[in-house]
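Worksheet: the structure to be examined is printed underneath.
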Amino acid sequence: MNQPLLPIDEAMARLFALGDSTPVETVSVRTAAGRWAAADVVALRTQPVCDLSAMDGYAIRFDDMPGPWTVTGESAAGHPFSASVGSGEAVRIFTGAALPPGTDTVLVQEEAARDGDRLLLDGEGPAHRGRNVRKRGLDFHEGETLIAAGERLTPARLALAAVGGHGVVPVHRQVRVAIAATGDELVPPGEPLSSGQLPESNGTMLIALLGDLPVEIRDLGILPDRRDALEAAFAAVDADILVTTGGASVGDHDLVRPALEACGAVIDFWKIALRPGKPMMAGTLGRTVLLGLPGNPVSAFATATLFLRPLIAALSGASDPMPRTQWAVLGEDLPANGPRTDYMRAATIDGRVRAAAIQDSSMLRTLARADCLIIRAAQAPAASAGESVEILPLA
Ligand SMILES: Nc1nc2c(c(=O)[nH]1)N[C@H]1C(S)=C(S)[C@@H](COP(=O)(O)OP(=O)(O)OC[C@H]3O[C@@H](n4cnc5c(N)ncnc54)[C@H](O)[C@@H]3O)O[C@H]1N2
Ligand code: MOO
């Protein structure tokens, strides 16, 4: 049953087509970190709403330089001085306070000498009109788009939404991700092992890998290599995405696909031109997107990084769901690549990336030491030390 391997780009496009973005809800700006804006966030106010002092000192008229002045009042943040300021007058002012009407410049207190109401210049003073003043609208004006639909709600963007007048933002609801490890040999981490058993690690890796994404995890734990048990578990899944690991290959115990199909799943593709991660499967079970990841721990990591994370971002409304690659200088020669795009575990040493000597997809220590994956296109020719290579940085 030799199928041609699907190129990664095509697999990605087909995977994204399997699901719709989750419904829109509004959430507090306090709890929206890491989501994606479901609509443009437009400024409800102008910031700053009036001219403000950027320093502690005295609000003056620049034309009155070099003084002296008479201090007629005080303006502090939240406590403006609303009377008009005439020629020869100054108002004590603090950072963030509104400039009183009539003033246009702030003399910093380090360059002023005060004696009662009398104020003298004691230094160079402001070099120009408007010095130390934040003009109304310096940051943004009411009606301007602060965050575009599809942009990630980073800490800075959430602060921007808040100062733009928003207490809540529209987002797509969290993506419900069911995660199931499969394999008779697997035992929950930390539990005693009998002969032939292995601690389950893919579930731990996946939960951690999704830690920064807006997901609600449904941990299905470890499922045995038995059709009835797999079918019962799959039929009961209520999630936007069902991720399985293991049992995806062609062995006699690789039962994930038949069990899914028995539940009514439609498999869209299986096997992609990727190393590690060739036997990845994608499809749908009702409204649930299925992602069957290979069991080898590094293959599961690579496919989750390349497909699961972008899928979650896409279902969450991201306009740019794909992982960001970068360029790096190769620290050693690499041989020509074969027919699958290769994501080689690599570490940056003295500013150059070096691939681990053994690239076996079972080796978690090699993965744990890697800070990036070197991307080698299918059929890429040999590459020499000093050349630029595309890398996928790892968090
Ligand atoms: N005849 C062929 N054999 C294999 C092929 C092939 O094309 N023809 N593909 C190989 C490739 S590539 C991969 S990748 C693996 C994927 O196999 P499965 O998805 O069926 O994975 P398993 O056989 O269930 O497990 C592989 C390996 O990983 C360990 N494992 C599985 N799940 C976990 C887990 N949750 N935590 C820790 N370790 C796990 C499992 O014990 C196995 O050692 O197939 C190749 N074979
Ligand atoms: O593609 Mo498998 O993931 O090489 O080990």
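FYI, nothing fancy with the structure tokens labels: chains A, B, ... in order, residues from 1 per chain, ligands from 1 as they appear.
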Which residues are close to region 108-124 of chain A, i.e. within 7 Å by only C-alpha atoms, leaving aside same-chain residues fewer than 4 positions away? Reply as a list in words.
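Returned residues: Met55, Asp56, Gly57, Tyr58, Pro66, Gly67, Pro68, Trp69, Thr70 and Val71 of chain A.
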Prev. selection, N, CA and C atoms, output as a PDB file, in the first residue's frame:
```
ATOM      1  N   MET A  55       7.417  65.246  32.407  1.00  0.00           N
ATOM      2  CA  MET A  55       8.414  65.366  33.490  1.00  0.00           C
ATOM      3  C   MET A  55       7.792  66.084  34.682  1.00  0.00           C
ATOM      4  N   ASP A  56       8.471  65.968  35.823  1.00  0.00           N
ATOM      5  CA  ASP A  56       8.105  66.768  36.996  1.00  0.00           C
ATOM      6  C   ASP A  56       8.790  68.130  36.857  1.00  0.00           C
ATOM      7  N   GLY A  57       8.036  69.200  37.055  1.00  0.00           N
ATOM      8  CA  GLY A  57       8.640  70.532  36.893  1.00  0.00           C
ATOM      9  C   GLY A  57       7.588  71.610  36.931  1.00  0.00           C
ATOM     10  N   TYR A  58       7.638  72.536  35.959  1.00  0.00           N
ATOM     11  CA  TYR A  58       6.729  73.685  35.944  1.00  0.00           C
ATOM     12  C   TYR A  58       6.219  73.876  34.525  1.00  0.00           C
ATOM     13  N   PRO A  66      13.515  83.760  29.601  1.00  0.00           N
ATOM     14  CA  PRO A  66      14.046  82.886  30.654  1.00  0.00           C
ATOM     15  C   PRO A  66      13.460  83.176  32.039  1.00  0.00           C
ATOM     16  N   GLY A  67      12.223  83.614  32.145  1.00  0.00           N
ATOM     17  CA  GLY A  67      11.603  83.859  33.454  1.00  0.00           C
ATOM     18  C   GLY A  67      11.952  85.279  33.920  1.00  0.00           C
ATOM     19  N   PRO A  68      11.781  85.577  35.195  1.00  0.00           N
ATOM     20  CA  PRO A  68      11.206  84.731  36.251  1.00  0.00           C
ATOM     21  C   PRO A  68       9.691  84.578  36.118  1.00  0.00           C
ATOM     22  N   TRP A  69       9.149  83.673  36.985  1.00  0.00           N
ATOM     23  CA  TRP A  69       7.719  83.408  36.952  1.00  0.00           C
ATOM     24  C   TRP A  69       7.118  83.469  38.373  1.00  0.00           C
ATOM     25  N   THR A  70       5.797  83.582  38.403  1.00  0.00           N
ATOM     26  CA  THR A  70       5.057  83.446  39.668  1.00  0.00           C
ATOM     27  C   THR A  70       4.256  82.150  39.589  1.00  0.00           C
ATOM     28  N   VAL A  71       4.424  81.280  40.589  1.00  0.00           N
ATOM     29  CA  VAL A  71       3.713  79.997  40.588  1.00  0.00           C
ATOM     30  C   VAL A  71       2.296  80.211  41.114  1.00  0.00           C
TER      31      VAL A  71
END
```
From region 318-381 of chain A, collect each residue whose DSSP state is strand (DSSP E or B) and return the set as a ChimeraX atom specification.
/A:326-330,334,341-349,352-355,372-376
Let me see if you get this right: every residue at most 8 Å from ligand 1, counting only C-alpha atoms and all ligand atoms, written as a short mmCIF file (atom, residue, chain, number, x, y, z; two decimals) with C-alpha atoms, in the first residue's frame.
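Saved result, pocket22.cif, follows:
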```
data_model
loop_
_atom_site.label_atom_id
_atom_site.label_comp_id
_atom_site.auth_asym_id
_atom_site.auth_seq_id
_atom_site.Cartn_x
_atom_site.Cartn_y
_atom_site.Cartn_z
CA ALA A 181 -1.51 8.27 23.65
CA THR A 182 -1.86 4.76 22.28
CA GLY A 183 0.24 1.70 22.98
CA GLU A 185 3.69 -0.74 26.33
CA LEU A 186 2.92 2.67 27.84
CA LEU A 198 7.81 2.25 28.79
CA PRO A 199 6.92 5.55 30.50
CA GLU A 200 4.47 7.53 28.39
CA SER A 201 6.08 10.81 27.32
CA ASN A 202 4.21 12.16 24.29
CA GLY A 203 1.24 13.34 26.35
CA ILE A 222 -3.17 6.06 27.48
CA THR A 245 0.10 9.58 19.10
CA GLY A 246 1.32 6.17 18.08
CA GLY A 247 -0.28 3.36 16.18
CA ALA A 248 -0.11 5.41 13.00
CA SER A 249 2.23 3.22 11.00
CA VAL A 250 1.64 -0.02 9.12
CA GLY A 251 2.31 -2.62 11.83
CA HIS A 253 -0.76 -3.15 16.22
CA ASP A 254 -1.26 0.16 14.40
CA ARG A 275 11.33 13.41 8.46
CA PRO A 276 10.67 12.84 11.28
CA GLY A 277 6.92 12.39 11.10
CA LYS A 278 6.10 10.59 7.88
CA PRO A 279 3.13 8.51 9.07
CA MET A 280 0.99 11.48 10.14
CA GLY A 292 -2.90 11.16 14.18
CA LEU A 293 0.73 11.78 15.10
CA PRO A 294 3.40 9.11 14.89
CA GLY A 295 4.42 7.51 18.17
CA ASN A 296 8.16 8.09 17.98
CA PRO A 297 8.66 10.90 20.48
CA SER A 299 8.27 12.53 15.29
CA ALA A 300 5.35 13.44 17.57
CA SER A 361 13.37 9.89 15.95
CA SER A 362 13.30 8.06 19.28
#
```
For Ala178 (chain A), list every protein, DNA or RNA residue within 12 Å, evaluated using only C-alpha atoms, and leave out those in the same chain fewer than 4 positions away; present the list as an NGL selection string.
:A and (203 or 206-207 or 210 or 215-222 or 233-234 or 236-245 or 288-292 or 308)
Deliver the residues from the most recent selection as a file, using C-alpha atoms, as an mmCIF file, in the first residue's frame.
```cif
data_model
loop_
_atom_site.group_PDB
_atom_site.id
_atom_site.type_symbol
_atom_site.label_atom_id
_atom_site.label_comp_id
_atom_site.auth_asym_id
_atom_site.auth_seq_id
_atom_site.Cartn_x
_atom_site.Cartn_y
_atom_site.Cartn_z
ATOM 1 C CA GLY A 203 1.236 13.340 26.352
ATOM 2 C CA LEU A 206 2.099 17.772 23.923
ATOM 3 C CA ILE A 207 0.496 19.391 26.955
ATOM 4 C CA LEU A 210 0.450 23.759 23.838
ATOM 5 C CA VAL A 215 -6.589 25.517 24.469
ATOM 6 C CA GLU A 216 -8.697 23.472 26.814
ATOM 7 C CA ILE A 217 -6.994 20.099 27.068
ATOM 8 C CA ARG A 218 -8.997 16.898 27.416
ATOM 9 C CA ASP A 219 -6.427 14.361 28.481
ATOM 10 C CA LEU A 220 -7.584 10.897 27.409
ATOM 11 C CA GLY A 221 -4.449 9.331 28.885
ATOM 12 C CA ILE A 222 -3.175 6.059 27.477
ATOM 13 C CA ALA A 233 -12.674 6.271 23.411
ATOM 14 C CA PHE A 234 -12.827 7.919 19.971
ATOM 15 C CA ALA A 236 -16.919 9.562 23.086
ATOM 16 C CA VAL A 237 -14.656 12.462 22.081
ATOM 17 C CA ASP A 238 -16.212 15.921 22.296
ATOM 18 C CA ALA A 239 -13.488 18.278 21.067
ATOM 19 C CA ASP A 240 -12.443 20.563 18.218
ATOM 20 C CA ILE A 241 -9.292 18.510 17.661
ATOM 21 C CA LEU A 242 -8.481 14.919 18.559
ATOM 22 C CA VAL A 243 -4.736 14.268 18.659
ATOM 23 C CA THR A 244 -3.495 10.727 18.929
ATOM 24 C CA THR A 245 0.103 9.584 19.098
ATOM 25 C CA THR A 288 -13.711 17.141 15.155
ATOM 26 C CA VAL A 289 -10.446 17.535 13.236
ATOM 27 C CA LEU A 290 -8.297 14.430 13.618
ATOM 28 C CA LEU A 291 -4.555 14.525 13.802
ATOM 29 C CA GLY A 292 -2.899 11.161 14.183
ATOM 30 C CA LEU A 308 -0.890 20.897 15.525
#
```
As a PyMOL selection string, please: every residue in region 223-379 of chain A that DSSP puts in helix (DSSP H, G or I).
chain A and resi 227-235+256-262+297-315+364-369
Could the residues in this selection be written to a file with C-alpha atoms, as an mmCIF file, in the first residue's frame?
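Contents of the output file out25.cif:
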```cif
data_model
loop_
_atom_site.group_PDB
_atom_site.id
_atom_site.type_symbol
_atom_site.label_atom_id
_atom_site.label_comp_id
_atom_site.auth_asym_id
_atom_site.auth_seq_id
_atom_site.Cartn_x
_atom_site.Cartn_y
_atom_site.Cartn_z
ATOM 1 C CA ARG A 227 -9.861 -1.896 18.552
ATOM 2 C CA ASP A 228 -12.788 -1.976 20.995
ATOM 3 C CA ALA A 229 -11.064 0.286 23.515
ATOM 4 C CA LEU A 230 -9.888 2.730 20.832
ATOM 5 C CA GLU A 231 -13.321 2.873 19.214
ATOM 6 C CA ALA A 232 -15.072 3.444 22.540
ATOM 7 C CA ALA A 233 -12.674 6.271 23.411
ATOM 8 C CA PHE A 234 -12.827 7.919 19.971
ATOM 9 C CA ALA A 235 -16.625 7.700 19.778
ATOM 10 C CA VAL A 256 -5.682 4.038 15.183
ATOM 11 C CA ARG A 257 -6.792 4.460 11.612
ATOM 12 C CA PRO A 258 -9.137 1.439 11.462
ATOM 13 C CA ALA A 259 -10.621 2.366 14.844
ATOM 14 C CA LEU A 260 -11.253 5.934 13.703
ATOM 15 C CA GLU A 261 -12.800 4.739 10.450
ATOM 16 C CA ALA A 262 -15.052 2.345 12.359
ATOM 17 C CA PRO A 297 8.661 10.905 20.480
ATOM 18 C CA VAL A 298 10.667 13.175 18.171
ATOM 19 C CA SER A 299 8.267 12.534 15.287
ATOM 20 C CA ALA A 300 5.345 13.435 17.567
ATOM 21 C CA PHE A 301 7.155 16.621 18.617
ATOM 22 C CA ALA A 302 7.992 17.639 15.041
ATOM 23 C CA THR A 303 4.500 17.024 13.691
ATOM 24 C CA ALA A 304 2.884 18.770 16.658
ATOM 25 C CA THR A 305 5.168 21.758 16.096
ATOM 26 C CA LEU A 306 4.604 21.865 12.355
ATOM 27 C CA PHE A 307 0.905 20.939 12.172
ATOM 28 C CA LEU A 308 -0.890 20.897 15.525
ATOM 29 C CA ARG A 309 0.260 24.288 16.789
ATOM 30 C CA PRO A 310 -0.545 26.054 13.480
ATOM 31 C CA LEU A 311 -3.904 24.262 13.327
ATOM 32 C CA ILE A 312 -4.795 25.538 16.805
ATOM 33 C CA ALA A 313 -3.705 29.037 15.795
ATOM 34 C CA ALA A 314 -5.814 28.852 12.627
ATOM 35 C CA LEU A 315 -8.910 27.622 14.513
ATOM 36 C CA LEU A 364 14.529 12.655 23.371
ATOM 37 C CA ARG A 365 17.856 13.714 24.855
ATOM 38 C CA THR A 366 19.009 14.947 21.452
ATOM 39 C CA LEU A 367 15.719 16.829 21.077
ATOM 40 C CA ALA A 368 15.986 18.274 24.573
ATOM 41 C CA ARG A 369 19.470 19.623 23.778
#
```
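If you look at CA of Leu15 (chain A) and CA of Ala265 (chain A), they are 14.4 Å away from each other.
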What lies within 12 Å of region 159-162 of chain A using only C-alpha atoms, ignoring chain neighbours under 5 positions off, as number ranges by chain?
A: 28-33, 37, 40-47, 139-140, 142, 144-148, 153-154, 167-170
Of the residues A:Leu5, A:Leu274, A:Leu285, A:Val329, which is the one nearest to Arg376 (chain A), using only C-alpha atoms?
A:Leu274
All residues 12 Å or closer to Asp342 (chain A), only C-alpha atoms, same chain fewer than 2 positions away omitted, as an mmCIF file with C-alpha atoms, in the first residue's frame:
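Generated file (part.cif):
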```
data_model
loop_
_atom_site.group_PDB
_atom_site.id
_atom_site.type_symbol
_atom_site.label_atom_id
_atom_site.label_comp_id
_atom_site.auth_asym_id
_atom_site.auth_seq_id
_atom_site.Cartn_x
_atom_site.Cartn_y
_atom_site.Cartn_z
ATOM 1 C CA PRO A 7 4.391 17.529 0.360
ATOM 2 C CA ILE A 8 4.264 19.468 3.642
ATOM 3 C CA ILE A 272 3.713 13.115 4.338
ATOM 4 C CA ALA A 273 7.115 13.847 2.878
ATOM 5 C CA LEU A 274 8.559 14.764 6.256
ATOM 6 C CA ARG A 275 11.329 13.406 8.459
ATOM 7 C CA PRO A 276 10.673 12.835 11.278
ATOM 8 C CA GLY A 277 6.924 12.387 11.102
ATOM 9 C CA LYS A 278 6.103 10.589 7.881
ATOM 10 C CA SER A 299 8.267 12.534 15.287
ATOM 11 C CA ALA A 302 7.992 17.639 15.041
ATOM 12 C CA THR A 303 4.500 17.024 13.691
ATOM 13 C CA LEU A 306 4.604 21.865 12.355
ATOM 14 C CA LEU A 334 25.603 18.423 5.714
ATOM 15 C CA PRO A 335 25.010 15.654 3.160
ATOM 16 C CA ALA A 336 22.471 15.882 0.346
ATOM 17 C CA ASN A 337 18.916 15.222 1.516
ATOM 18 C CA GLY A 338 16.547 12.492 0.347
ATOM 19 C CA PRO A 339 12.901 12.696 -0.746
ATOM 20 C CA ARG A 340 11.440 13.961 2.572
ATOM 21 C CA MET A 344 17.214 18.052 11.921
ATOM 22 C CA ARG A 345 17.693 18.510 15.651
ATOM 23 C CA ALA A 346 20.480 21.056 15.998
ATOM 24 C CA ALA A 355 23.013 19.057 13.648
ATOM 25 C CA GLN A 359 19.055 11.904 14.069
ATOM 26 C CA ASP A 360 17.002 8.970 15.305
ATOM 27 C CA SER A 361 13.366 9.893 15.952
ATOM 28 C CA LEU A 373 15.561 22.362 13.785
ATOM 29 C CA ILE A 374 17.592 22.772 10.597
ATOM 30 C CA ILE A 375 15.197 22.562 7.654
ATOM 31 C CA ARG A 376 16.523 20.593 4.694
ATOM 32 C CA ALA A 377 14.233 20.688 1.689
ATOM 33 C CA ALA A 378 13.475 17.433 -0.101
ATOM 34 C CA GLN A 379 16.363 16.594 -2.462
ATOM 35 C CA ALA A 380 18.440 19.544 -1.173
ATOM 36 C CA GLU A 390 16.763 27.876 7.211
ATOM 37 C CA ILE A 391 15.994 26.936 10.794
ATOM 38 C CA LEU A 392 12.917 26.642 12.969
#
```
Nearest residue to ligand 2 out of A:Ser384, A:Thr22, A:Thr341, A:Asn132, using only C-alpha atoms and all ligand atoms?
A:Thr341
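Remark: for Ala83 (chain A), the closest of the candidate residues A:Thr95, A:Ala208, A:Thr103, A:Ala156 is A:Thr103 (distances computed over only C-alpha atoms).
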With distances taken over only C-alpha atoms and all ligand atoms, which of A:Met322, A:Leu255, A:Trp270, A:Gly165 is nearest to ligand 2?
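Looking at the shortest contact to ligand 2, the residue is A:Trp270.
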For Ala395 (chain A), list every protein, DNA or RNA residue within 10 Å, evaluated using only C-alpha atoms, and leave out those in the same chain fewer than 4 positions away; present the list as a short mmCIF file (atom, residue, chain, number, x, y, z; two decimals) with C-alpha atoms, in the first residue's frame.
```
data_model
loop_
_atom_site.label_atom_id
_atom_site.label_comp_id
_atom_site.auth_asym_id
_atom_site.auth_seq_id
_atom_site.Cartn_x
_atom_site.Cartn_y
_atom_site.Cartn_z
CA LEU A 209 3.96 22.29 23.84
CA ALA A 370 18.39 21.16 20.46
CA ASP A 371 17.58 24.85 20.23
CA CYS A 372 16.44 24.69 16.62
#
```
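Comparing A:Met281, A:Val187, A:Ala357, A:Ala13 by their smallest distance to ligand 2, the closest is A:Met281 (using only C-alpha atoms and all ligand atoms).
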Counting only C-alpha atoms, which residue out of A:Val389, A:Leu6, A:Ala318, A:Ala77 sits closest to Val171 (chain A)?
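Checking each candidate against Val171 (chain A), we get A:Ala318 as the closest.
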